[in-house]
$ cat entry22.cif   # mmCIF, C-alpha atoms, pLDDT in the B column; chains and numbers go by the auth columns
data_protein
loop_
_atom_site.group_PDB
_atom_site.id
_atom_site.type_symbol
_atom_site.label_atom_id
_atom_site.label_comp_id
_atom_site.label_asym_id
_atom_site.label_seq_id
_atom_site.Cartn_x
_atom_site.Cartn_y
_atom_site.Cartn_z
_atom_site.B_iso_or_equiv
_atom_site.auth_seq_id
_atom_site.auth_asym_id
ATOM 1 C CA MET A 1 11.684 -62.854 11.794 89.00 1 S
ATOM 2 C CA ILE A 2 14.430 -60.540 13.012 91.00 2 S
ATOM 3 C CA ARG A 3 12.057 -57.577 12.736 95.00 3 S
ATOM 4 C CA TYR A 4 9.658 -59.239 15.178 94.00 4 S
ATOM 5 C CA LEU A 5 12.470 -59.851 17.649 95.00 5 S
ATOM 6 C CA LEU A 6 13.621 -56.235 17.411 96.00 6 S
ATOM 7 C CA LEU A 7 10.044 -55.032 17.818 96.00 7 S
ATOM 8 C CA ALA A 8 9.544 -57.256 20.870 96.00 8 S
ATOM 9 C CA LEU A 9 12.818 -56.011 22.354 97.00 9 S
ATOM 10 C CA LEU A 10 11.785 -52.398 21.743 97.00 10 S
ATOM 11 C CA ILE A 11 8.402 -52.987 23.391 97.00 11 S
ATOM 12 C CA ILE A 12 10.007 -54.663 26.414 97.00 12 S
ATOM 13 C CA LEU A 13 12.563 -51.869 26.839 97.00 13 S
ATOM 14 C CA THR A 14 9.859 -49.226 26.497 96.00 14 S
ATOM 15 C CA ALA A 15 7.706 -50.953 29.109 95.00 15 S
ATOM 16 C CA ALA A 16 10.685 -51.217 31.483 92.00 16 S
ATOM 17 C CA LEU A 17 11.490 -47.529 31.055 90.00 17 S
ATOM 18 C CA ILE A 18 7.875 -46.528 31.689 91.00 18 S
ATOM 19 C CA TRP A 19 7.739 -48.739 34.788 88.00 19 S
ATOM 20 C CA LEU A 20 10.990 -47.281 36.159 82.00 20 S
ATOM 21 C CA TRP A 21 9.727 -43.729 35.580 82.00 21 S
ATOM 22 C CA TRP A 22 6.321 -44.427 37.110 84.00 22 S
ATOM 23 C CA SER A 23 7.568 -46.341 40.133 85.00 23 S
ATOM 24 C CA ASP A 24 10.694 -44.262 40.921 86.00 24 S
ATOM 25 C CA TYR A 25 12.280 -47.589 41.880 85.00 25 S
ATOM 26 C CA TRP A 26 15.842 -46.583 41.012 85.00 26 S
ATOM 27 C CA LEU A 27 15.561 -43.176 42.692 89.00 27 S
ATOM 28 C CA ILE A 28 14.079 -44.660 45.875 92.00 28 S
ATOM 29 C CA ASP A 29 16.799 -47.310 45.981 92.00 29 S
ATOM 30 C CA GLN A 30 19.548 -44.690 45.639 93.00 30 S
ATOM 31 C CA CYS A 31 17.896 -42.502 48.285 94.00 31 S
ATOM 32 C CA LEU A 32 17.668 -45.321 50.810 94.00 32 S
ATOM 33 C CA ASP A 33 21.266 -46.363 50.089 95.00 33 S
ATOM 34 C CA GLN A 34 22.395 -42.865 51.082 92.00 34 S
ATOM 35 C CA GLY A 35 20.395 -42.951 54.314 93.00 35 S
ATOM 36 C CA GLY A 36 17.661 -40.614 53.152 94.00 36 S
ATOM 37 C CA ARG A 37 13.874 -40.680 53.400 95.00 37 S
ATOM 38 C CA TRP A 38 11.852 -40.799 50.180 94.00 38 S
ATOM 39 C CA ASP A 39 9.042 -38.207 49.992 94.00 39 S
ATOM 40 C CA PRO A 40 6.544 -39.754 47.539 91.00 40 S
ATOM 41 C CA GLU A 41 4.354 -36.663 47.403 92.00 41 S
ATOM 42 C CA LYS A 42 7.139 -34.441 46.067 92.00 42 S
ATOM 43 C CA ARG A 43 9.258 -37.261 44.594 89.00 43 S
ATOM 44 C CA VAL A 44 12.423 -36.109 46.343 93.00 44 S
ATOM 45 C CA CYS A 45 14.932 -37.645 48.727 95.00 45 S
ATOM 46 C CA ARG A 46 15.111 -36.009 52.152 95.00 46 S
ATOM 47 C CA ILE A 47 18.553 -36.305 53.742 92.00 47 S
ATOM 48 C CA ASP A 48 19.102 -34.904 57.216 89.00 48 S
ATOM 49 C CA VAL A 49 22.294 -32.873 57.402 85.00 49 S
ATOM 50 C CA ILE A 50 24.023 -32.111 60.677 82.00 50 S
ATOM 51 C CA PRO A 51 25.756 -28.742 60.441 79.00 51 S
ATOM 52 C CA GLY A 52 29.439 -28.742 61.170 75.00 52 S
ATOM 53 C CA PRO A 53 31.080 -26.626 63.842 75.00 53 S
ATOM 54 C CA ALA A 54 31.131 -22.891 63.262 72.00 54 S
ATOM 55 C CA SER A 55 34.206 -21.470 61.631 73.00 55 S
ATOM 56 C CA PRO A 56 36.417 -19.292 63.894 74.00 56 S
ATOM 57 C CA ALA A 57 36.091 -16.515 61.312 71.00 57 S
ATOM 58 C CA SER A 58 32.315 -16.384 61.863 66.00 58 S
ATOM 59 C CA LEU A 59 32.866 -15.637 65.551 65.00 59 S
ATOM 60 C CA LEU A 60 34.631 -12.333 64.691 65.00 60 S
ATOM 61 C CA VAL A 61 31.518 -10.806 63.128 59.00 61 S
#
$ encode --input "entry22.cif" --output "C-alpha cells"
Amino acid sequence: MIRYLLLALLIILTAALIWLWWSDYWLIDQCLDQGGRWDPEKRVCRIDVIPGPASPASLLV
C-alpha cells in the first residue's frame, strides 16, 4: 500500500516539474515581480535599465 502512495507522489511531483518547466510559470512570475517583460520566443526576461549619470572620471578622457 505504501509503495502505491510513494509511486503516486512521485508521479504527481514529476508531472508538476514537467508543467513548471514547460510553462515557465515561476520564471514569468519572477520576471513580472521585478518589473520586466517576458520574451516567450527567447524565454528570457527583458528589464529596461536606465543608465546612471556619467562618472566625472569619464569626462577627463
$ closest_residue --input "entry22.cif" --among "S:Cys45, S:Met1, S:Ile18, S:Ala57" --to "Asp33 in chain S" --atoms "all atoms listed in the file"
S:Cys45
$ residues_around --input "entry22.cif" --residues "Arg46 in chain S" --least-positions-apart "6" --cutoff "12 Å" --atoms "all atoms listed in the file" --output "list in words"
Leu27, Ile28, Gln30, Cys31, Leu32, Gln34, Gly35, Gly36, Arg37, Trp38, Asp39 and Pro40 of chain S
$ atom_distance --input "entry22.cif" --atom1 "CA of Leu20 in chain S" --atom2 "CA of Tyr4 in chain S"
24.2 Å
$ decode --input "entry22.cif" --residues "range 36-61 of chain S" --atoms "N, CA and C atoms" --output "mmCIF file, in the first residue's frame"
data_model
loop_
_atom_site.group_PDB
_atom_site.id
_atom_site.type_symbol
_atom_site.label_atom_id
_atom_site.label_comp_id
_atom_site.auth_asym_id
_atom_site.auth_seq_id
_atom_site.Cartn_x
_atom_site.Cartn_y
_atom_site.Cartn_z
ATOM 1 N N GLY S 36 9.885 43.434 -15.209
ATOM 2 C CA GLY S 36 10.391 43.120 -16.537
ATOM 3 C C GLY S 36 9.287 42.709 -17.498
ATOM 4 N N ARG S 37 9.693 42.457 -18.733
ATOM 5 C CA ARG S 37 8.780 41.949 -19.768
ATOM 6 C C ARG S 37 9.277 40.565 -20.163
ATOM 7 N N TRP S 38 8.402 39.582 -20.177
ATOM 8 C CA TRP S 38 8.776 38.224 -20.540
ATOM 9 C C TRP S 38 8.769 38.079 -22.059
ATOM 10 N N ASP S 39 9.881 37.596 -22.622
ATOM 11 C CA ASP S 39 10.000 37.346 -24.058
ATOM 12 C C ASP S 39 9.819 35.842 -24.270
ATOM 13 N N PRO S 40 8.606 35.409 -24.674
ATOM 14 C CA PRO S 40 8.344 33.972 -24.779
ATOM 15 C C PRO S 40 9.119 33.287 -25.895
ATOM 16 N N GLU S 41 9.507 34.041 -26.908
ATOM 17 C CA GLU S 41 10.235 33.433 -28.020
ATOM 18 C C GLU S 41 11.632 32.991 -27.590
ATOM 19 N N LYS S 42 12.296 33.827 -26.786
ATOM 20 C CA LYS S 42 13.646 33.509 -26.336
ATOM 21 C C LYS S 42 13.690 32.997 -24.910
ATOM 22 N N ARG S 43 12.538 33.035 -24.218
ATOM 23 C CA ARG S 43 12.411 32.573 -22.842
ATOM 24 C C ARG S 43 13.358 33.325 -21.911
ATOM 25 N N VAL S 44 13.362 34.646 -22.043
ATOM 26 C CA VAL S 44 14.177 35.494 -21.183
ATOM 27 C C VAL S 44 13.334 36.664 -20.670
ATOM 28 N N CYS S 45 13.807 37.257 -19.595
ATOM 29 C CA CYS S 45 13.152 38.417 -19.006
ATOM 30 C C CYS S 45 13.870 39.668 -19.484
ATOM 31 N N ARG S 46 13.133 40.586 -20.072
ATOM 32 C CA ARG S 46 13.709 41.846 -20.547
ATOM 33 C C ARG S 46 13.432 42.921 -19.492
ATOM 34 N N ILE S 47 14.487 43.477 -18.941
ATOM 35 C CA ILE S 47 14.357 44.539 -17.940
ATOM 36 C C ILE S 47 15.035 45.779 -18.489
ATOM 37 N N ASP S 48 14.280 46.859 -18.601
ATOM 38 C CA ASP S 48 14.839 48.119 -19.073
ATOM 39 C C ASP S 48 15.690 48.728 -17.966
ATOM 40 N N VAL S 49 16.897 49.136 -18.336
ATOM 41 C CA VAL S 49 17.820 49.722 -17.373
ATOM 42 C C VAL S 49 18.113 51.153 -17.806
ATOM 43 N N ILE S 50 17.950 52.068 -16.894
ATOM 44 C CA ILE S 50 18.258 53.470 -17.160
ATOM 45 C C ILE S 50 19.691 53.704 -16.698
ATOM 46 N N PRO S 51 20.563 54.107 -17.603
ATOM 47 C CA PRO S 51 21.958 54.317 -17.194
ATOM 48 C C PRO S 51 22.067 55.469 -16.209
ATOM 49 N N GLY S 52 22.975 55.302 -15.277
ATOM 50 C CA GLY S 52 23.200 56.343 -14.287
ATOM 51 C C GLY S 52 23.992 57.489 -14.885
ATOM 52 N N PRO S 53 24.193 58.539 -14.113
ATOM 53 C CA PRO S 53 24.959 59.676 -14.611
ATOM 54 C C PRO S 53 26.408 59.260 -14.863
ATOM 55 N N ALA S 54 27.029 59.941 -15.796
ATOM 56 C CA ALA S 54 28.416 59.634 -16.139
ATOM 57 C C ALA S 54 29.320 59.988 -14.969
ATOM 58 N N SER S 55 30.334 59.199 -14.792
ATOM 59 C CA SER S 55 31.320 59.442 -13.758
ATOM 60 C C SER S 55 32.177 60.651 -14.150
ATOM 61 N N PRO S 56 32.592 61.477 -13.198
ATOM 62 C CA PRO S 56 33.469 62.616 -13.519
ATOM 63 C C PRO S 56 34.795 62.160 -14.153
ATOM 64 N N ALA S 57 35.242 60.977 -13.822
ATOM 65 C CA ALA S 57 36.494 60.470 -14.376
ATOM 66 C C ALA S 57 36.354 60.226 -15.883
ATOM 67 N N SER S 58 35.147 59.867 -16.345
ATOM 68 C CA SER S 58 34.976 59.606 -17.771
ATOM 69 C C SER S 58 34.994 60.890 -18.600
ATOM 70 N N LEU S 59 34.810 62.020 -17.951
ATOM 71 C CA LEU S 59 34.825 63.301 -18.658
ATOM 72 C C LEU S 59 36.256 63.765 -18.962
ATOM 73 N N LEU S 60 37.255 63.181 -18.277
ATOM 74 C CA LEU S 60 38.654 63.576 -18.465
ATOM 75 C C LEU S 60 39.272 62.915 -19.702
ATOM 76 N N VAL S 61 38.629 61.924 -20.233
ATOM 77 C CA VAL S 61 39.207 61.186 -21.371
ATOM 78 C C VAL S 61 38.985 61.900 -22.660
#
